[in-house]
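Engineer: Sharing target_16.txt here; it has compact mmCIF, C-alpha atoms.
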# COMPACT_ATOMS: atom_id res chain seq x y z
CA MET A 280 99.52 146.32 31.59
CA VAL A 281 101.15 149.33 29.92
CA GLU A 282 98.82 151.66 28.03
CA SER A 283 100.16 153.81 25.18
CA ILE A 284 98.49 157.23 24.95
CA GLN A 285 98.95 159.66 22.07
CA ALA A 286 100.38 162.97 23.24
CA GLY A 287 102.20 166.07 22.12
CA ILE A 288 105.29 167.92 23.35
CA LYS A 289 104.70 171.55 24.26
CA ALA A 290 106.69 174.43 25.66
CA ARG A 291 105.67 174.68 29.28
CA GLU A 292 106.82 178.29 29.56
CA ALA A 293 106.39 179.80 26.13
CA THR A 294 107.09 183.54 26.45
CA LEU A 295 105.98 186.39 24.20
CA LEU A 296 107.98 189.60 24.24
CA SER A 297 106.08 192.73 23.30
CA SER A 298 106.82 196.43 23.39
CA GLN A 299 105.51 198.59 26.27
CA ILE A 300 105.84 201.87 24.36
CA LEU A 301 104.95 203.26 20.95
CA ALA A 302 108.22 203.49 19.02
CA ARG A 303 109.83 202.42 15.78
CA ILE A 304 111.93 199.26 15.79
CA LYS A 305 115.58 200.09 15.23
CA ASN A 306 116.99 196.55 15.24
CA ILE A 307 116.03 192.96 16.08
CA HIS A 308 119.17 191.08 17.01
CA VAL A 309 117.94 187.46 16.68
CA ARG A 310 116.12 185.20 14.23
CA ALA A 311 113.95 182.09 14.54
CA GLY A 312 116.00 179.09 15.64
CA ASN A 313 118.66 181.11 17.46
CA ASN A 314 119.72 179.95 20.91
CA VAL A 315 119.72 182.95 23.23
CA GLN A 316 121.05 183.48 26.73
CA LYS A 317 119.48 185.15 29.74
CA GLY A 318 120.07 188.91 29.66
CA GLN A 319 120.89 188.97 25.93
CA LEU A 320 119.67 192.03 23.99
CA LEU A 321 116.86 191.01 21.64
CA VAL A 322 115.21 194.20 20.35
CA THR A 323 116.30 197.84 20.19
CA LEU A 324 113.71 200.58 19.64
CA GLU A 325 114.47 204.11 18.45
CA SER A 326 115.15 206.14 21.59
CA GLU A 327 116.11 209.67 20.48
CA GLY A 328 112.67 211.05 21.33
CA LEU A 329 112.65 209.19 24.63
CA LYS A 330 116.04 210.60 25.55
CA ALA A 331 114.77 214.12 24.78
CA GLN A 332 111.72 213.54 27.00
CA LEU A 333 113.97 212.36 29.83
CA ALA A 334 116.24 215.39 29.47
CA GLN A 335 113.22 217.69 29.54
CA SER A 336 111.79 216.01 32.62
CA ILE A 337 115.16 216.27 34.41
CA ALA A 338 115.23 220.01 33.64
CA MET A 339 111.69 220.35 35.04
CA VAL A 340 112.79 218.60 38.23
CA ASP A 341 115.75 220.95 38.62
CA ALA A 342 113.56 224.02 38.03
CA SER A 343 110.91 222.84 40.47
CA GLN A 344 113.56 222.09 43.06
CA ALA A 345 115.06 225.57 42.69
CA MET A 346 111.66 227.27 43.06
CA LEU A 347 110.83 225.11 46.05
CA THR A 348 114.07 226.17 47.73
CA VAL A 349 113.25 229.86 47.13
CA THR A 350 109.65 229.58 48.33
CA LYS A 351 110.76 227.66 51.41
CA VAL A 352 113.11 230.48 52.36
CA ASN A 353 110.34 233.04 51.76
CA PHE A 354 107.88 230.98 53.81
CA GLU A 355 110.27 230.64 56.76
CA ARG A 356 111.08 234.40 56.63
CA ALA A 357 107.40 235.34 56.51
CA GLN A 358 106.65 233.03 59.40
CA THR A 359 109.38 234.67 61.52
CA LEU A 360 108.20 238.17 60.63
CA LYS A 361 104.60 237.25 61.38
CA GLU A 362 105.60 236.13 64.86
CA LYS A 363 107.16 239.58 65.36
CA GLY A 364 104.09 241.28 63.93
CA LEU A 365 105.97 242.73 60.98
CA VAL A 366 103.85 241.11 58.19
CA SER A 367 100.15 240.48 57.83
CA GLN A 368 98.45 237.07 57.87
CA SER A 369 97.62 237.40 54.19
CA GLU A 370 101.31 237.79 53.29
CA LEU A 371 102.11 234.65 55.29
CA ASP A 372 99.28 232.80 53.53
CA VAL A 373 100.74 233.72 50.14
CA ALA A 374 104.15 232.39 51.20
CA VAL A 375 102.60 229.13 52.41
CA THR A 376 100.63 228.70 49.18
CA ASN A 377 103.71 229.23 47.00
CA PHE A 378 105.74 226.78 49.07
CA ARG A 379 103.07 224.08 48.81
CA ARG A 380 102.53 224.73 45.10
CA TYR A 381 106.16 224.20 44.16
CA GLY A 382 106.34 221.18 46.47
CA SER A 383 103.51 219.61 44.47
CA GLU A 384 105.15 220.59 41.19
CA LEU A 385 108.39 218.89 42.28
CA VAL A 386 106.52 215.66 43.05
CA ALA A 387 104.83 215.77 39.62
CA ALA A 388 108.13 216.53 37.89
CA ASN A 389 109.81 213.56 39.60
CA GLN A 390 106.95 211.31 38.47
CA ARG A 391 107.34 212.49 34.87
CA LYS A 392 111.08 211.87 35.13
CA GLN A 393 110.48 208.32 36.42
CA ALA A 394 108.03 207.65 33.59
CA ALA A 395 110.56 208.92 31.03
CA GLN A 396 113.30 206.73 32.52
CA THR A 397 111.02 203.68 32.42
CA ALA A 398 110.07 204.37 28.81
CA LEU A 399 113.74 204.65 27.85
CA GLU A 400 114.46 201.32 29.57
CA TYR A 401 111.72 199.70 27.45
CA SER A 402 113.57 200.78 24.30
CA LYS A 403 115.91 197.83 24.91
CA ILE A 404 114.30 194.43 25.40
CA ASN A 405 116.44 191.76 27.03
CA LEU A 406 115.70 188.07 27.51
CA PRO A 407 114.60 187.09 31.04
CA PHE A 408 115.75 183.46 30.60
CA SER A 409 117.86 181.31 28.30
CA GLY A 410 115.87 179.76 25.48
CA VAL A 411 115.24 179.32 21.77
CA VAL A 412 113.59 181.80 19.39
CA VAL A 413 110.51 180.22 17.82
CA GLU A 414 109.15 183.06 15.73
CA ARG A 415 110.15 186.59 14.71
CA SER A 416 106.96 188.59 14.15
CA ALA A 417 108.37 192.05 13.34
CA GLU A 418 111.17 193.65 11.37
CA PRO A 419 113.33 196.78 11.76
CA GLY A 420 111.41 199.86 10.63
CA ASN A 421 108.05 198.57 11.89
CA MET A 422 106.21 200.50 14.58
CA ALA A 423 106.06 198.67 17.92
CA SER A 424 103.02 199.42 20.05
CA PRO A 425 102.05 198.21 23.53
CA GLY A 426 100.85 194.60 23.40
CA GLN A 427 102.24 193.93 19.92
CA LEU A 428 104.00 190.58 19.47
CA LEU A 429 107.66 190.95 18.54
CA LEU A 430 109.24 187.56 19.34
CA SER A 431 108.11 184.15 20.58
CA LEU A 432 110.52 182.04 22.62
CA TYR A 433 110.52 178.93 24.76
CA ASP A 434 112.77 177.42 27.39
CA PRO A 435 113.94 173.96 26.22
CA LEU A 436 114.66 172.96 29.81
CA THR A 437 110.97 173.14 30.67
CA LEU A 438 109.33 171.19 27.85
CA GLN A 439 106.45 168.96 28.87
CA ILE A 440 104.18 166.39 27.30
CA GLU A 441 100.38 166.69 27.33
CA ALA A 442 97.81 163.99 26.66
CA ASP A 443 94.11 163.32 27.12
CA VAL A 444 93.94 160.26 29.38
CA ARG A 445 90.76 158.21 29.71
CA GLU A 446 88.83 158.83 32.89
CA SER A 447 89.27 155.39 34.44
CA LEU A 448 93.07 155.59 34.10
CA ALA A 449 93.46 159.29 34.96
CA THR A 450 91.79 158.77 38.34
CA GLN A 451 94.57 156.31 39.24
CA LEU A 452 97.33 158.86 38.57
CA ASP A 453 98.99 161.21 41.06
CA ILE A 454 101.23 164.26 40.80
CA GLY A 455 104.87 163.17 40.97
CA ARG A 456 104.33 159.73 39.43
CA LYS A 457 107.10 158.61 37.11
CA ILE A 458 106.13 157.51 33.60
CA THR A 459 107.88 156.80 30.31
CA VAL A 460 107.50 158.90 27.17
CA LYS A 461 108.21 157.40 23.75
CA VAL A 462 109.15 159.73 20.89
CA ASP A 463 108.80 157.66 17.73
CA SER A 464 110.56 160.14 15.41
CA LEU A 465 113.69 159.98 17.58
CA GLY A 466 113.37 156.30 18.47
CA LYS A 467 113.80 157.20 22.14
CA GLU A 468 112.12 156.54 25.44
CA ILE A 469 112.46 159.41 27.94
CA ASN A 470 111.67 159.54 31.64
CA ALA A 471 108.94 161.95 32.74
CA ILE A 472 107.12 162.99 35.91
CA ILE A 473 103.45 163.97 36.07
CA VAL A 474 103.27 167.63 37.11
CA GLU A 475 99.59 168.46 36.56
CA ILE A 476 96.25 166.73 36.14
CA VAL A 477 93.63 169.23 35.01
CA PRO A 478 90.79 168.68 37.51
CA ALA A 479 87.95 169.12 34.98
CA ALA A 480 87.18 166.22 32.64
CA ASP A 481 86.11 166.51 29.02
CA PRO A 482 82.48 165.28 29.26
CA ASN A 483 82.39 164.29 25.59
CA ALA A 484 85.64 162.30 25.50
CA ARG A 485 85.43 161.18 29.17
CA SER A 486 89.08 162.07 29.62
CA PHE A 487 91.39 164.32 31.67
CA LEU A 488 94.31 166.41 30.42
CA VAL A 489 97.53 165.11 32.00
CA LYS A 490 100.83 167.04 31.81
CA ALA A 491 104.27 165.61 32.54
CA GLY A 492 107.69 167.25 32.70
CA ILE A 493 110.28 165.46 30.58
CA GLU A 494 114.03 165.14 30.79
CA PHE A 495 116.04 167.58 28.69
CA ASP A 496 116.98 166.36 25.24
CA SER A 497 118.48 168.74 22.70
CA ASN A 498 116.58 166.98 19.87
CA LEU A 499 113.12 167.62 21.33
CA ARG A 500 111.00 170.40 19.85
CA PRO A 501 107.55 171.78 20.76
CA GLY A 502 104.82 170.20 18.65
CA MET A 503 106.53 166.82 18.22
CA PHE A 504 104.34 163.72 18.49
CA ALA A 505 104.98 161.42 21.43
CA ARG A 506 103.25 158.74 23.51
CA MET A 507 102.80 158.38 27.23
CA LEU A 508 103.41 154.83 28.43
CA ILE A 509 101.43 154.36 31.66
CA LYS A 510 100.95 151.18 33.67
CA ASP A 511 97.26 150.99 34.45
CA GLY A 512 97.46 148.48 37.30
CA THR A 513 96.00 145.59 35.31
CA LYS A 514 97.55 142.60 33.58
CA GLU A 515 96.67 140.47 30.60
CA VAL A 516 95.27 137.11 31.59
CA LEU A 517 95.09 134.05 29.34
CA SER A 518 92.14 131.81 30.17
CA VAL A 519 90.42 128.85 28.53
CA PRO A 520 87.16 126.98 29.11
CA VAL A 521 87.59 124.37 31.86
CA ASP A 522 86.35 121.62 29.47
CA TYR A 523 89.60 121.90 27.51
CA VAL A 524 91.76 121.08 30.55
CA LYS A 525 92.42 117.44 31.46
CA SER A 526 93.90 116.51 34.83
CA PHE A 527 96.03 113.49 35.57
CA GLY A 528 96.82 113.41 39.28
CA GLN A 529 98.59 116.66 40.00
CA LEU A 530 99.32 117.35 36.33
CA ASP A 531 97.10 119.41 34.04
CA MET A 532 97.21 119.33 30.25
CA VAL A 533 95.45 120.43 27.11
CA TRP A 534 95.40 119.16 23.56
CA LEU A 535 97.07 121.55 21.14
CA LEU A 536 96.27 121.59 17.39
CA LYS A 537 99.11 122.76 15.17
CA ASP A 538 99.60 122.20 11.43
CA GLY A 539 96.81 119.61 11.49
CA ASN A 540 98.49 117.58 14.22
CA LEU A 541 97.47 117.12 17.87
CA SER A 542 99.95 117.22 20.72
CA ARG A 543 99.74 117.33 24.51
CA ARG A 544 100.82 120.44 26.37
CA PHE A 545 101.19 120.53 30.14
CA VAL A 546 99.97 123.76 31.69
CA GLN A 547 99.97 125.50 35.06
CA LEU A 548 96.56 126.67 36.17
CA GLY A 549 95.57 129.80 38.06
CA LYS A 550 92.24 131.10 39.28
CA TYR A 551 88.86 129.71 38.22
CA GLN A 552 86.07 132.08 37.21
CA LEU A 553 82.70 130.69 36.11
CA ASN A 554 83.51 128.18 33.36
CA GLN A 555 86.98 129.67 32.63
CA VAL A 556 90.34 128.90 34.20
CA GLU A 557 93.47 131.04 34.06
CA ILE A 558 96.53 129.57 32.31
CA VAL A 559 99.60 130.79 34.19
CA SER A 560 102.11 129.06 31.90
CA GLY A 561 102.24 126.54 29.09
CA LEU A 562 100.14 128.33 26.48
CA ASN A 563 100.45 131.41 24.33
CA SER A 564 97.78 133.68 22.98
CA GLY A 565 96.74 132.36 19.56
CA ASP A 566 97.30 128.67 20.31
CA ILE A 567 94.47 126.45 19.00
CA LEU A 568 93.03 123.91 21.44
CA ALA A 569 91.06 120.71 20.91
CA LEU A 570 88.65 119.13 23.36
CA SER A 571 90.35 115.75 23.07
CA ALA A 572 92.67 113.66 20.94
CA ASN A 573 89.62 112.25 19.19
Now, as a test, write the supplied structure out as structure tokens.
Structural biologist:
Amino acid sequence: MVESIQAGIKAREATLLSSQILARIKNIHVRAGNNVQKGQLLVTLESEGLKAQLAQSIAMVDASQAMLTVTKVNFERAQTLKEKGLVSQSELDVAVTNFRRYGSELVAANQRKQAAQTALEYSKINLPFSGVVVERSAEPGNMASPGQLLLSLYDPLTLQIEADVRESLATQLDIGRKITVKVDSLGKEINAIIVEIVPAADPNARSFLVKAGIEFDSNLRPGMFARMLIKDGTKEVLSVPVDYVKSFGQLDMVWLLKDGNLSRRFVQLGKYQLNQVEIVSGLNSGDILALSAN
């Protein structure tokens, strides 16, 4: 028996792009609905101040490097003179201190330079994968701060369907099982594979959340209504009370009432259970039976 379960299509890898620095938005190069490619430039932030910071940090690195070179020469000279007894220990200590000081300043300057370079890189936001723009949440001229939403996108190749499946059926399912998804608005049935069964049940609904990856279709969109069609391992059985079945040798029949008239119908029987017998063939659900021709 195939069970139809209401479900919804969602973006499996919805991605939000947000700024990592505080800067004004110079330009947003896409709008909602645009198809975008991996590596495409999406947002440009004003970078004049960031470029000035980088230039300043580079100058600090050069200055620290120059002073380190000088103090290294002084330290090595003082060390040689100390070995010859021509300078005091205190003079050598001063040379060592200056050398170490500018060594530390060079490390700090390089760190500031790296931070400035990283900040400048954040002034241009590129797409990490091909996808579709869902929402544009900012406009040129707005301030972009760390954590602020700028764009929402999704990858159409990774859409999936999610549904709450009753407990008794969900426990029969396994990751990797193939199912069919019906999208009524498109009039299509699409193949899908179960990729996740959330291991915690909803105690109120007695159901589990089941997720399935679906085949790519350019007409599918996140939020569309769909249905999972899952075979639950059971079948519909037509049975009738044994009193309605008459046997003649190896033949079994019933009396069928239709339009006020009685007629015989030969049937093939299946399993008996209590006072019911399964009708394998010969009858349809909804047929009206009579106990006898009289």
Engineer: Could you tell me how far CA of Glu325 (chain A) lies from CA of Gln427 (chain A), in Å and to one decimal?
Structural biologist: 16.0 Å
Engineer: Excluding region 413-415 of chain A and any residue of its chain fewer than 5 positions from it, enumerate the residues within 7 Å of it, using only C-alpha atoms, and give them as a list in words.
Structural biologist: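 Non-adjacent residues within range: Arg310, Ala311, Gly312, Leu429, Leu430, Ser431 and Leu432 of chain A.
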Engineer: Near Gln299 (chain A), counting all atoms listed in the file, which residues have an atom at most 10 Å away, once you skip same-chain residues fewer than 2 positions from it, shown as a ChimeraX atom specification?
Structural biologist: /A:296-297,301-302,397-398,400-402,404,423-427
Engineer: At what distance in Å, to one decimal, does CA of Val521 (chain A) lie from CA of Asp566 (chain A)?
Structural biologist: 15.7 Å
Engineer: Quote the spacing between CA of Lys457 (chain A) and CA of Ile288 (chain A) in Å to one decimal place.
Structural biologist: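 These two atoms are separated by 16.7 Å.
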Engineer: My list of candidates is A:Leu320, A:Ala388, A:Ala394, A:Arg380. Which is closest to Ile300 (chain A) when distances are computed with all atoms listed in the file?
Structural biologist: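 Ranked by minimum distance to Ile300 (chain A), first place goes to A:Ala394.
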Engineer: Pick out the closest residue to Gln451 (chain A) from this set: A:Leu568, A:Arg544, A:Ala331, A:Val489. Count all atoms listed in the file.
Structural biologist: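 Result for the nearest residue to Gln451 (chain A): A:Val489.
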